[in-house]
Amino acid sequence: MQKAFALVDCNSFYCSCERVFRPELNQRPVIVLSNNDGCAIARTAEAKQLGIKMGDPYFKIKKLCQDNQVEVFSSNFALYTNLSDRVMSTLNNLCPKIEIYSIDEAFCDLTGIKDLSPFGFKIQQTILKNIGIPVGVGIAPTKVLAKLANHIAKKSKLSGGVVNLMDVDFRMMAMKKVPVEEVWGIGRASSEKLHALGLHTVYDFATYKNEEHIQKILTKVGLQIKHELLGINCFSLGQDVEKKKEIMCSRTFGQSVFAKEHLKESIANYITNASEKMRRQDSLCSELSVFARTNPFKEGAQFYMYDRIKIQHPTRDTRKLIYFAFEMLEANFREGYEYKKAGVKLSGFFNTHEYQLDFFNTGDTLSDLKLMQVIDEINKREGEGTLKFAACGVDDKAWRMNRGHKSPRYLTSWNDLKEFN
DNA sequence: TCTGGGGTCCTAGGACCC
DNA sequence: TCTGGGGTCCTAGGACCC
């Protein structure tokens with residue numbers, strides 16, 4: 001049977017989330033900044049009109065924002081994650097087979113459904129009514145084409161936010177109008193290679209005859225993308241929530257950090273955060289990486305500190321991981337540099353129940369596990385950071401991020417809810 | 001003064017083994 | 001004098017995504 005996929009994507013998601021609680025901001029330009037109020041990571045159509053680009057550093061567009069009354073928010077991920085969960089569960093009620101692709105996007109398997117375009121509009125209207133988030137819907141026989149349909153839905157005002165590319169003639173016509181760099185999976189490097197071959201539109205790429213050459217310059221995945229554009233299914237709907245293969249936590253500091261002690265505190269906090277995530281997916285880790293670096297945008301001496309270890313007895317114990325991270329820091333830290341960012345990565349995961357304890361096991365004991373479990377439960381109930389290790393420090397002023405424009409946590413904190421009028 | 005954070009997949013090449 | 005060939009595993013780095 002002919003497959004049918006929909007890609008449902010929330011419009012300017014973080015901005016739309018802020019608008020849910022501040023409806024007076026509809027029709028007004030809104031942007032959301034990255035951590036540390038560094039750069040713009042979400043813009044409404046009105047903000048895009050003003051020329052604000054994805055990733056523009058805030059200090060460069062600050063004046064433009066002030067002059068045009070752009071509403072500026074620091075990122076509030078607790079809020080966005082919560083609204084994302086609601087969007088996804090609404091979607092799941094409408095179409096049971098979905099793959100959550102990112103915080104603001106999901107693929108749906110619509111195979112067998114008859115009137116696909118009306119169904120697309122139904123999805124759009126239900127999510128808007130139930131959650132208050134506007135979405136675009138792209139419908140097509142493969143995932144790559146559904147992404148393309150969604151892209152067209154965003155660009156074309158006539159579409160009403162829903163584009164159906166199931167019809168092959170209509171699809172071919174549409175593909176002639178879209179530049180090849182808009183294809184999902186074709187980034188800058190690949191599109192330069194395709195341009196060099198004289199392939200400029202999606203249609204040019206999809207109908208290019210020399211597939212061996214495509215595989216050679218764009219690898220196996222590049223060829224699969226080309227096939228998907230021709231309507232041949234190469235990527236299926238990944239339904240199971242797969243476990244992460246690595247978990248990272250890193251931050252840019254609010255100020256430059258010089259002291260090893262401050263660096264250690266920040267690292268201890270990142271380990272705490274990452275290892276809690278790891279326990280939530282029921283993993284043990286056998287590899288730990290730590291890095292710290294100076295500000296590459298700033299003139300002056302640069303230093304990138306990086307180290308990685310294998311852990312002989314995989315662990316899920318925050319204390320051990322902090323201990324190992326500190327050892328790496330002690331061995332690699334260099335005095336006198338202006339550190340601007342640091343982070344950690346946990347990887348080499350095992351499932352907790354799959355890992356065989358060996359005879360001379362010095363891995364996590366039952367009481368270690370119990371302790372971590374209790375800490376996680378208390379922090380879940382009483383709020384993040386209620387219980388933490390002394391290594392994390394009590395005063396984080398020296399390195400904490402700046403977030404001057406943060407909205408209240410309307411959905412995750414009773415204290416903040418009173419801000420809602 | 002001020003430039004985010006967190007992921008996945010693929011490939012080439014080295015190390016190592018028989 | 002003459003010094004193979006094939007396989008696997010691991011890692012670093014590139015490319016891409018949101």
# chains A, B, ... in the order shown; residues from 1 in each chain; ligands from 1
>>> closest_atom_pairs(of="chain B", to="chain A", cutoff="12 Å", atoms="only C-alpha atoms (C1' of nucleotides)", output="Markdown table")
| residue | atom | partner | partner_atom | distance |
| --- | --- | --- | --- | --- |
| B:DT1 | C1' | A:Phe59 | CA | 9.4 |
| B:DC2 | C1' | A:Phe59 | CA | 5.4 |
| B:DT3 | C1' | A:Pro57 | CA | 5.1 |
| B:DG4 | C1' | A:Ser34 | CA | 5.0 |
| B:DG5 | C1' | A:Ser250 | CA | 7.0 |
| B:DG6 | C1' | A:Met248 | CA | 6.5 |
| B:DG7 | C1' | A:Glu246 | CA | 8.1 |
| B:DT8 | C1' | A:Lys245 | CA | 8.9 |
| B:DC9 | C1' | A:Val221 | CA | 8.7 |
| B:DC10 | C1' | A:Thr219 | CA | 7.4 |
| B:DT11 | C1' | A:Thr219 | CA | 8.4 |
>>> residues_around(residues="Asn11 in chain A", least_positions_apart="4", cutoff="9 Å", atoms="only C-alpha atoms (C1' of nucleotides)", output="number ranges by chain")
A: 15-16, 44, 104, 133-136, 154
>>> residues_around(residues="Leu110 in chain A", least_positions_apart="6", cutoff="8 Å", atoms="only C-alpha atoms (C1' of nucleotides)", output="VMD selection string")
chain A and resid 3 to 6 95 116
>>> select_by_dssp(residues="range 254-317 of chain A", states="alpha helix (DSSP H)", output="PyMOL selection string")
chain A and resi 260-280
>>> residues_around(residues="DA12 in chain B", least_positions_apart="5", cutoff="12 Å", atoms="only C-alpha atoms (C1' of nucleotides)", output="VMD selection string")
chain C and resid 11 to 14
>>> write_last_selection(atoms="N, CA and C atoms (P, O5', C5', C4', C3', O3' and C1' of nucleotides)", output="compact mmCIF listing (two decimals), in the first residue's frame")
# COMPACT_ATOMS: atom_id res chain seq x y z
P DT C 11 37.71 3.86 21.26
O5' DT C 11 38.21 4.98 20.25
C5' DT C 11 39.57 4.97 19.84
C4' DT C 11 39.78 6.14 18.90
C3' DT C 11 38.99 7.39 19.31
O3' DT C 11 39.89 8.48 19.29
C1' DT C 11 38.47 6.79 17.07
P DA C 12 39.48 9.85 19.82
O5' DA C 12 39.77 10.80 18.59
C5' DA C 12 40.81 10.45 17.66
C4' DA C 12 40.62 11.27 16.41
C3' DA C 12 40.07 12.67 16.64
O3' DA C 12 40.75 13.56 15.77
C1' DA C 12 38.56 11.42 15.27
P DG C 13 40.40 15.09 15.77
O5' DG C 13 39.46 15.25 14.50
C5' DG C 13 39.84 14.60 13.27
C4' DG C 13 38.72 14.78 12.29
C3' DG C 13 38.02 16.14 12.39
O3' DG C 13 37.84 16.62 11.07
C1' DG C 13 36.43 14.41 12.53
P DG C 14 37.27 18.07 10.79
O5' DG C 14 36.12 17.76 9.76
C5' DG C 14 36.33 16.74 8.77
C4' DG C 14 35.00 16.37 8.18
C3' DG C 14 34.07 17.56 7.93
O3' DG C 14 33.53 17.43 6.64
C1' DG C 14 32.98 15.94 9.27
>>> select_by_dssp(residues="range 4-121 of chain A", states="strand (DSSP E or B)", output="VMD selection string")
chain A and resid 5 to 10 30 to 33 39 to 43 57 71 to 74 98 to 102 105 to 109
>>> closest_residue(among="A:Gln27, A:Lys320, A:Lys406, A:Lys340", to="Thr365 in chain A", atoms="only C-alpha atoms")
A:Lys320
